[in-house]
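Colleague: See model_13.cif below, with mmCIF, C-alpha atoms and all ligand atoms.
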data_target
#
loop_
_atom_site.label_atom_id
_atom_site.label_comp_id
_atom_site.auth_asym_id
_atom_site.auth_seq_id
_atom_site.Cartn_x
_atom_site.Cartn_y
_atom_site.Cartn_z
CA MET A 1 4.87 13.13 21.55
CA ALA A 2 5.32 16.87 21.35
CA ALA A 3 8.35 17.88 19.28
CA ASN A 4 9.11 21.16 20.98
CA SER A 5 6.42 21.45 23.62
CA ARG A 6 5.99 19.85 27.04
CA ILE A 7 2.19 20.02 26.67
CA GLU A 8 1.09 16.50 25.76
CA TRP A 9 -1.83 17.49 23.51
CA THR A 10 0.25 19.60 21.12
CA ASP A 11 3.29 19.09 18.90
CA HIS A 12 4.60 22.66 18.90
CA THR A 13 4.09 25.88 20.82
CA PHE A 14 4.22 29.29 19.15
CA ASN A 15 4.07 32.69 20.85
CA PRO A 16 3.37 35.71 18.64
CA TRP A 17 4.51 37.84 21.59
CA TRP A 18 5.11 37.60 25.32
CA GLY A 19 3.00 39.41 27.90
CA CYS A 20 -0.60 39.82 28.98
CA THR A 21 -2.97 41.33 31.55
CA LYS A 22 -4.80 39.20 34.12
CA VAL A 23 -8.54 38.84 33.65
CA SER A 24 -9.94 36.20 36.03
CA PRO A 25 -9.00 33.95 38.99
CA ALA A 26 -7.44 31.37 36.65
CA CYS A 27 -4.78 34.01 35.94
CA ASP A 28 -3.85 34.51 39.62
CA HIS A 29 -0.76 32.32 39.46
CA CYS A 30 -0.06 32.67 35.73
CA TYR A 31 3.02 30.55 35.02
CA ALA A 32 3.79 32.64 31.93
CA GLU A 33 4.08 35.80 34.00
CA ALA A 34 6.38 34.03 36.48
CA TRP A 35 8.52 32.68 33.63
CA ALA A 36 8.75 36.09 31.95
CA LYS A 37 9.85 37.68 35.23
CA ARG A 38 12.42 34.96 35.86
CA THR A 39 13.92 35.53 32.41
CA GLY A 40 14.09 39.31 32.97
CA HIS A 41 11.08 40.51 30.94
CA SER A 42 8.68 42.99 32.48
CA VAL A 43 5.75 42.44 30.09
CA TRP A 44 2.68 41.95 32.30
CA GLY A 45 -0.14 44.45 32.90
CA ALA A 46 -1.94 46.97 30.71
CA LYS A 47 0.84 49.56 30.99
CA SER A 48 3.80 47.36 30.03
CA SER A 49 4.90 46.79 26.46
CA ARG A 50 4.94 43.27 25.16
CA ARG A 51 8.01 41.35 24.03
CA PHE A 52 8.16 40.64 20.29
CA LEU A 53 10.22 37.85 18.80
CA SER A 54 12.67 37.61 15.90
CA ASP A 55 12.06 36.88 12.22
CA ALA A 56 13.91 33.59 12.68
CA TYR A 57 11.38 32.59 15.38
CA TRP A 58 8.48 33.51 13.09
CA LYS A 59 9.94 31.29 10.33
CA GLN A 60 9.78 28.14 12.50
CA PRO A 61 6.10 27.34 11.76
CA LEU A 62 6.88 27.45 8.00
CA LYS A 63 9.45 24.72 8.61
CA TRP A 64 6.97 22.70 10.75
CA ASP A 65 4.44 23.07 7.94
CA ARG A 66 6.91 21.75 5.32
CA GLU A 67 7.79 18.81 7.58
CA ALA A 68 4.11 18.02 8.17
CA ALA A 69 3.45 18.13 4.40
CA GLU A 70 6.40 15.80 3.69
CA SER A 71 5.39 13.31 6.37
CA GLY A 72 1.68 13.44 5.49
CA CYS A 73 0.95 13.91 9.19
CA ARG A 74 -0.70 17.12 10.38
CA LYS A 75 0.80 18.77 13.46
CA ARG A 76 -0.89 20.78 16.20
CA VAL A 77 0.47 24.18 17.26
CA PHE A 78 -0.57 25.65 20.61
CA CYS A 79 -0.80 29.44 20.34
CA ALA A 80 -0.01 31.02 22.78
CA SER A 81 1.52 29.85 26.07
CA MET A 82 3.08 33.25 26.98
CA ALA A 83 0.24 35.56 25.92
CA ASP A 84 -3.42 35.76 24.96
CA VAL A 85 -3.86 36.11 21.20
CA PHE A 86 -7.04 38.18 21.66
CA GLU A 87 -5.78 40.67 24.19
CA TRP A 88 -6.81 44.21 23.18
CA LYS A 89 -3.75 46.49 23.03
CA LYS A 90 -2.92 48.79 20.17
CA GLU A 91 0.68 47.64 19.69
CA LEU A 92 -0.53 44.06 19.16
CA THR A 93 -2.62 44.71 16.04
CA PRO A 94 0.20 44.43 13.45
CA TRP A 95 1.53 41.29 15.16
CA ARG A 96 -1.92 39.71 15.23
CA ASN A 97 -2.25 40.47 11.49
CA LYS A 98 1.12 38.84 10.92
CA LEU A 99 -0.14 35.78 12.83
CA TRP A 100 -3.24 35.50 10.61
CA GLU A 101 -0.95 35.55 7.53
CA LEU A 102 1.25 32.88 9.06
CA ILE A 103 -1.77 30.69 9.81
CA ASP A 104 -3.01 31.10 6.23
CA SER A 105 0.43 30.04 4.92
CA THR A 106 0.62 26.86 7.00
CA PRO A 107 -2.31 24.64 5.91
CA ASN A 108 -0.63 21.49 7.24
CA LEU A 109 -0.68 22.79 10.81
CA ASP A 110 -3.71 22.92 13.10
CA TRP A 111 -3.54 26.11 15.14
CA LEU A 112 -5.06 25.92 18.63
CA LEU A 113 -5.90 29.44 19.79
CA LEU A 114 -6.69 29.35 23.51
CA THR A 115 -8.03 32.59 24.97
CA LYS A 116 -9.66 33.95 28.10
CA ARG A 117 -11.19 36.67 25.90
CA PRO A 118 -13.53 34.73 23.59
CA HIS A 119 -15.80 37.80 23.25
CA LEU A 120 -12.91 39.52 21.45
CA ALA A 121 -12.06 36.45 19.37
CA ASN A 122 -15.32 36.86 17.52
CA ARG A 123 -14.51 40.52 16.77
CA MET A 124 -10.79 40.32 16.05
CA ASN A 125 -10.52 37.20 13.90
CA PRO A 126 -10.08 37.99 10.20
CA TRP A 127 -12.30 35.15 8.96
CA GLY A 128 -15.72 36.27 10.18
CA THR A 129 -18.04 33.28 9.91
CA SER A 130 -15.72 31.28 7.59
CA TRP A 131 -12.93 30.11 9.83
CA PRO A 132 -10.31 27.96 8.07
CA LEU A 133 -10.44 24.27 8.97
CA ASN A 134 -6.96 24.44 10.50
CA VAL A 135 -7.88 26.87 13.29
CA TRP A 136 -9.38 25.66 16.56
CA LEU A 137 -10.72 28.12 19.11
CA GLY A 138 -10.57 27.37 22.82
CA THR A 139 -11.47 29.22 25.97
CA THR A 140 -10.73 28.70 29.65
CA ALA A 141 -13.39 28.32 32.35
CA GLU A 142 -12.19 27.67 35.88
CA ASP A 143 -15.57 27.66 37.64
CA GLN A 144 -19.28 28.01 36.88
CA LYS A 145 -19.19 31.81 36.79
CA TRP A 146 -16.63 31.72 33.97
CA VAL A 147 -18.39 28.86 32.19
CA ASN A 148 -21.50 31.04 32.08
CA LYS A 149 -19.57 34.11 30.93
CA ARG A 150 -17.27 32.60 28.31
CA LEU A 151 -19.11 29.63 26.84
CA PRO A 152 -21.78 31.71 25.05
CA HIS A 153 -19.00 33.46 23.11
CA LEU A 154 -17.32 30.17 22.23
CA ALA A 155 -20.70 28.82 21.11
CA ASN A 156 -21.14 31.89 18.86
CA SER A 157 -17.86 31.29 17.09
CA SER A 158 -17.73 29.68 13.67
CA ALA A 159 -14.45 27.89 14.39
CA ASN A 160 -14.49 24.33 13.11
CA ILE A 161 -13.32 22.89 16.44
CA ARG A 162 -14.27 24.64 19.69
CA PHE A 163 -12.65 23.48 22.88
CA LEU A 164 -12.72 24.25 26.56
CA SER A 165 -9.85 24.23 29.02
CA CYS A 166 -10.95 23.86 32.66
CA GLU A 167 -7.51 24.37 34.14
CA PRO A 168 -6.95 25.14 36.90
CA LEU A 169 -10.35 23.79 37.89
CA LEU A 170 -11.40 25.88 40.90
CA GLY A 171 -14.96 24.70 41.50
CA GLU A 172 -17.68 22.29 40.47
CA ILE A 173 -19.01 22.99 36.98
CA ASP A 174 -21.94 21.89 34.87
CA LEU A 175 -21.17 21.92 31.15
CA SER A 176 -24.13 19.74 30.15
CA PRO A 177 -26.12 22.30 28.09
CA TRP A 178 -23.02 23.20 26.08
CA LEU A 179 -22.01 19.59 25.53
CA ALA A 180 -25.56 18.53 24.60
CA SER A 181 -25.89 21.30 22.01
CA GLY A 182 -22.66 20.31 20.26
CA ASP A 183 -21.04 23.68 20.96
CA VAL A 184 -17.96 22.16 22.59
CA ASP A 185 -15.93 19.55 20.70
CA TRP A 186 -13.27 18.83 23.30
CA VAL A 187 -12.71 19.38 27.03
CA ILE A 188 -9.32 19.54 28.75
CA THR A 189 -9.03 19.77 32.51
CA GLY A 190 -6.36 19.70 35.18
CA GLY A 191 -5.19 21.01 38.53
CA GLU A 192 -2.83 23.82 39.38
CA SER A 193 0.89 23.61 40.06
CA GLY A 194 3.47 26.04 41.44
CA PRO A 195 4.26 27.42 44.88
CA ASN A 196 0.76 28.82 45.49
CA ALA A 197 -1.19 26.04 43.75
CA ARG A 198 -4.84 25.83 44.78
CA PRO A 199 -6.20 22.31 45.35
CA SER A 200 -9.19 20.92 43.42
CA ASP A 201 -11.73 18.44 44.71
CA PRO A 202 -11.30 15.16 42.74
CA THR A 203 -15.09 14.97 42.26
CA TRP A 204 -14.98 18.15 40.18
CA PHE A 205 -12.78 16.40 37.58
CA LYS A 206 -14.88 13.25 37.68
CA ALA A 207 -18.06 15.23 37.15
CA VAL A 208 -16.58 16.89 34.03
CA ARG A 209 -15.43 13.49 32.76
CA ASP A 210 -18.90 11.99 33.33
CA GLN A 211 -20.62 14.88 31.56
CA CYS A 212 -18.28 14.47 28.58
CA GLU A 213 -18.92 10.72 28.44
CA ARG A 214 -22.68 11.26 28.62
CA HIS A 215 -22.54 13.53 25.58
CA ALA A 216 -19.74 11.68 23.71
CA VAL A 217 -17.38 14.67 23.89
CA PRO A 218 -13.65 13.78 24.04
CA PHE A 219 -12.16 14.39 27.49
CA HIS A 220 -8.50 15.01 28.31
CA PHE A 221 -7.24 14.92 31.90
CA LYS A 222 -3.94 16.78 31.73
CA GLN A 223 -2.63 16.44 35.27
CA TRP A 224 -3.53 16.59 38.96
CA GLY A 225 -1.14 19.48 39.50
CA ASP A 226 0.63 19.81 42.84
CA TRP A 227 -2.29 18.36 44.82
CA ALA A 228 -3.67 14.84 44.34
CA PRO A 229 -5.99 12.41 46.13
CA MET A 230 -4.00 10.38 48.64
CA ASP A 231 -5.19 7.08 47.18
CA THR A 232 -3.83 7.97 43.70
CA VAL A 233 -0.16 8.33 44.61
CA GLN A 234 2.05 5.39 45.72
CA SER A 235 1.74 4.84 49.45
CA ASN A 236 5.52 5.12 50.04
CA ILE A 237 5.54 8.75 48.81
CA ILE A 238 5.15 11.17 51.69
CA PRO A 239 3.21 14.35 50.86
CA SER A 240 4.62 17.72 51.94
CA ARG A 241 1.19 18.77 53.23
CA VAL A 242 -2.21 17.20 53.79
CA LEU A 243 -5.18 19.39 52.98
CA ASN A 244 -7.31 20.50 55.85
CA VAL A 245 -10.47 21.03 53.80
CA GLU A 246 -13.57 18.87 53.45
CA PHE A 247 -13.15 17.41 49.97
CA SER A 248 -14.79 14.18 48.80
CA THR A 249 -11.45 12.32 49.08
CA PRO A 250 -8.43 13.30 51.23
CA VAL A 251 -6.09 15.41 49.10
CA ALA A 252 -2.40 16.09 49.75
CA ARG A 253 0.44 18.00 48.21
CA PHE A 254 2.82 15.63 46.39
CA GLY A 255 4.21 17.97 43.71
CA LYS A 256 3.20 17.93 40.06
CA LYS A 257 5.52 15.11 38.94
CA ARG A 258 4.57 12.69 41.69
CA SER A 259 0.87 13.49 41.47
CA GLY A 260 0.82 12.39 37.83
CA ARG A 261 -2.32 12.19 35.70
CA ILE A 262 -4.17 8.99 36.61
CA LEU A 263 -7.88 9.54 37.24
CA ASP A 264 -9.92 6.53 38.37
CA GLY A 265 -7.14 4.13 37.43
CA GLN A 266 -6.38 5.38 33.92
CA THR A 267 -5.17 8.28 31.78
CA TRP A 268 -7.71 10.23 29.73
CA ASP A 269 -6.30 11.44 26.42
CA GLY A 270 -9.37 12.23 24.38
CA LEU A 271 -8.95 14.37 21.24
CA PRO A 272 -11.52 15.63 18.73
CA ALA A 273 -12.18 13.13 15.93
CA MET A 274 -10.66 15.49 13.35
CA ALA A 275 -7.31 15.30 15.15
S1 LIG B 1 -4.89 35.23 30.09
FE1 LIG B 1 -3.40 33.54 30.20
S2 LIG B 1 -1.42 34.50 29.75
FE2 LIG B 1 -2.87 36.15 30.28
S3 LIG B 1 -2.53 36.49 32.47
FE3 LIG B 1 -4.24 35.05 32.23
S4 LIG B 1 -3.27 33.02 32.39
FE4 LIG B 1 -1.64 34.50 32.00
#
What is this structure when it is put down as structure tokens?
Modeller:
Amino acid sequence: MAANSRIEWTDHTFNPWWGCTKVSPACDHCYAEAWAKRTGHSVWGAKSSRRFLSDAYWKQPLKWDREAAESGCRKRVFCASMADVFEWKKELTPWRNKLWELIDSTPNLDWLLLTKRPHLANRMNPWGTSWPLNVWLGTTAEDQKWVNKRLPHLANSSANIRFLSCEPLLGEIDLSPWLASGDVDWVITGGESGPNARPSDPTWFKAVRDQCERHAVPFHFKQWGDWAPMDTVQSNIIPSRVLNVEFSTPVARFGKKRSGRILDGQTWDGLPAMA
């Protein structure tokens, strides 16, 4: 169970700063932007400054590292939920350098760097082709166009664990070549939530799951999001809207909580073997 994060595949979340610029359709309804706005921070877009956090906040991972060392149990840190670590912006350089130092000083933590800019990850990381074992690199691909654009950069990385987040999944995707070549060690997928959530066809998730199984790559189904197949949710729950689109299975809007995360009768919580 996550200690200070609501994301089930991590123990902690750390943000070296808040703020970002949108780069692809997966960013359209960025929850981080909405959260920043709601809490009074205008930090989105190329022209806005980012929000930087206190020394006390930056000391937290040192404490998590000590606790992990004492317990003999490594912890995962998701970095970052309110930013993209590899965004190019001049004011971010000293903070990114500070992050690399922090990562080097916390060998008992596994740092999961998830970016929509994997082409910059290969240029900006300080380790070149010798990434430390405690750093995982992930990228997002919401449809085939972004699989084709981002996966080659992930494949070129020397990170020990390379993972892919297909969330929100906005179309059918074929990951087979990347899974077969061993360039992806873990796949996470899920639907979108929030007021403007876009529905996904259930077969898109199943196809990703089947591809992962075929190539023995761990698969994690995070959530349906706001929309779910009608036969997945208890029959006494009335959806707020039924989708008027030809999907493989009728899909309706139940809300994220009620939609849950059961796919074909079970949860899918795959993790890379190293974890
Ligand atoms: S890259 Fe991530 S944090 Fe940045 S706008 Fe897109 S979804 Fe939001």
Colleague: Counting only C-alpha atoms and all ligand atoms, what residues are within 6 Å of ligand LIG 1 (chain B), given as a list in words?
Modeller: Cys20, Thr21, Lys22, Val23, Cys27, Cys30, Ala32, Met82, Ala83, Asp84 and Lys116 of chain A
Colleague: Record the distance separating CA of Glu167 (chain A) and CA of Arg96 (chain A), expressed in Å with one decimal.
Modeller: 25.0 Å
Colleague: Considering all atoms listed in the file, can you say which of A:Met274, A:Pro16, A:Arg66, A:Ala26 comes closest to Arg51 (chain A)?
Modeller: A:Pro16
Colleague: Could you tell me how far CA of Asp28 (chain A) sits from CA of Val245 (chain A), in Å to one decimal place?
Modeller: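 Separation of CA of Val245 (chain A) and CA of Asp28 (chain A): 20.7 Å.
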Colleague: Select all residues near (-1.0, 15.8, 48.4) (cut-off 12 Å, inclusive, file coordinates), counting all atoms listed in the file, and output them as a short mmCIF file (atom, residue, chain, number, x, y, z; two decimals) with C-alpha atoms, keeping the file's coordinate frame.
Modeller:
data_model
loop_
_atom_site.label_atom_id
_atom_site.label_comp_id
_atom_site.auth_asym_id
_atom_site.auth_seq_id
_atom_site.Cartn_x
_atom_site.Cartn_y
_atom_site.Cartn_z
CA GLY A 191 -5.19 21.01 38.53
CA SER A 193 0.89 23.61 40.06
CA ALA A 197 -1.19 26.04 43.75
CA ARG A 198 -4.84 25.83 44.78
CA PRO A 199 -6.20 22.31 45.35
CA SER A 200 -9.19 20.92 43.42
CA ASP A 201 -11.73 18.44 44.71
CA PRO A 202 -11.30 15.16 42.74
CA TRP A 224 -3.53 16.59 38.96
CA GLY A 225 -1.14 19.48 39.50
CA ASP A 226 0.63 19.81 42.84
CA TRP A 227 -2.29 18.36 44.82
CA ALA A 228 -3.67 14.84 44.34
CA PRO A 229 -5.99 12.41 46.13
CA MET A 230 -4.00 10.38 48.64
CA ASP A 231 -5.19 7.08 47.18
CA THR A 232 -3.83 7.97 43.70
CA VAL A 233 -0.16 8.33 44.61
CA GLN A 234 2.05 5.39 45.72
CA SER A 235 1.74 4.84 49.45
CA ILE A 237 5.54 8.75 48.81
CA ILE A 238 5.15 11.17 51.69
CA PRO A 239 3.21 14.35 50.86
CA SER A 240 4.62 17.72 51.94
CA ARG A 241 1.19 18.77 53.23
CA VAL A 242 -2.21 17.20 53.79
CA LEU A 243 -5.18 19.39 52.98
CA ASN A 244 -7.31 20.50 55.85
CA THR A 249 -11.45 12.32 49.08
CA PRO A 250 -8.43 13.30 51.23
CA VAL A 251 -6.09 15.41 49.10
CA ALA A 252 -2.40 16.09 49.75
CA ARG A 253 0.44 18.00 48.21
CA PHE A 254 2.82 15.63 46.39
CA GLY A 255 4.21 17.97 43.71
CA LYS A 256 3.20 17.93 40.06
CA LYS A 257 5.52 15.11 38.94
CA ARG A 258 4.57 12.69 41.69
CA SER A 259 0.87 13.49 41.47
CA GLY A 260 0.82 12.39 37.83
#
Colleague: Which is closest to Val184 (chain A) among A:Leu169, A:Cys212, A:Ala34, A:Leu92, if we use only C-alpha atoms?
Modeller: A:Cys212
Colleague: Write out as a list in words each polymer residue whose atoms come within 10 Å of Asn97 (chain A), counting only C-alpha atoms; drop sequence neighbours fewer than 4 positions from it.
Modeller: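 Counting only C-alpha atoms, the residues come to Leu92, Thr93, Glu101, Leu102, Ile103, Met124, Asn125 and Pro126 of chain A.
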Colleague: Grab the CA of Phe221 (chain A) to CA of Leu271 (chain A) distance for me, in Å with one decimal place.
Modeller: 10.8 Å
Colleague: Can you work out which one of A:Ala273, A:Lys206, A:Asn196, A:Thr140 has the shortest atom-to-atom distance to Pro218 (chain A), counting all atoms listed in the file?
Modeller: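 Of A:Ala273, A:Lys206, A:Asn196, A:Thr140, the one nearest Pro218 (chain A), counting all atoms listed in the file, is A:Ala273.
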Colleague: Of the residues A:Pro132, A:Pro107, A:Gly190, A:Pro118, which is the one nearest to Ala69 (chain A), using only C-alpha atoms?
Modeller: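 The shortest atom-to-atom distance to Ala69 (chain A) comes from A:Pro107.
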Colleague: Write out as a ChimeraX atom specification each polymer residue whose atoms come within 9 Å of Cys73 (chain A), counting all atoms listed in the file; drop sequence neighbours fewer than 5 positions from it.
Modeller: /A:67-68,108
Colleague: Would you save the residues of that selection, restricted to C-alpha atoms, as a PDB file, in the coordinates of the input?
Modeller:
ATOM      1  CA  GLU A  67       7.790  18.810   7.580  1.00  0.00           C
ATOM      2  CA  ALA A  68       4.110  18.020   8.170  1.00  0.00           C
ATOM      3  CA  ASN A 108      -0.630  21.490   7.240  1.00  0.00           C
TER       4      ASN A 108
END
Colleague: Closest to Leu263 (chain A) among A:Glu70, A:Asp174, A:Asp185, A:Asp210, using all atoms listed in the file?
Modeller: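 Smallest distance to Leu263 (chain A) is found for A:Asp210.
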Colleague: In terms of the shortest atom-to-atom distance over all atoms listed in the file, which of A:Ala159, A:Gln60, A:Ile173, A:Gly194 is closest to Trp131 (chain A)?
Modeller: A:Ala159
Colleague: Enumerate, as a list in words, the protein, DNA and RNA residues whose atoms approach (-25.5, 18.3, 21.0) to within 12 Å, taking into account only C-alpha atoms and the coordinate frame of the file.
Modeller: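 Using only C-alpha atoms, the matching residues come out as Ala155, Leu175, Ser176, Pro177, Trp178, Leu179, Ala180, Ser181, Gly182, Asp183, Val184, Asp185, Cys212, Arg214, His215, Ala216 and Val217 of chain A.
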Colleague: Would you mind exporting the chosen residues as a PDB file, in the frame of the given file, restricted to C-alpha atoms?
Modeller:
ATOM      1  CA  ALA A 155     -20.700  28.820  21.110  1.00  0.00           C
ATOM      2  CA  LEU A 175     -21.170  21.920  31.150  1.00  0.00           C
ATOM      3  CA  SER A 176     -24.130  19.740  30.150  1.00  0.00           C
ATOM      4  CA  PRO A 177     -26.120  22.300  28.090  1.00  0.00           C
ATOM      5  CA  TRP A 178     -23.020  23.200  26.080  1.00  0.00           C
ATOM      6  CA  LEU A 179     -22.010  19.590  25.530  1.00  0.00           C
ATOM      7  CA  ALA A 180     -25.560  18.530  24.600  1.00  0.00           C
ATOM      8  CA  SER A 181     -25.890  21.300  22.010  1.00  0.00           C
ATOM      9  CA  GLY A 182     -22.660  20.310  20.260  1.00  0.00           C
ATOM     10  CA  ASP A 183     -21.040  23.680  20.960  1.00  0.00           C
ATOM     11  CA  VAL A 184     -17.960  22.160  22.590  1.00  0.00           C
ATOM     12  CA  ASP A 185     -15.930  19.550  20.700  1.00  0.00           C
ATOM     13  CA  CYS A 212     -18.280  14.470  28.580  1.00  0.00           C
ATOM     14  CA  ARG A 214     -22.680  11.260  28.620  1.00  0.00           C
ATOM     15  CA  HIS A 215     -22.540  13.530  25.580  1.00  0.00           C
ATOM     16  CA  ALA A 216     -19.740  11.680  23.710  1.00  0.00           C
ATOM     17  CA  VAL A 217     -17.380  14.670  23.890  1.00  0.00           C
TER      18      VAL A 217
END
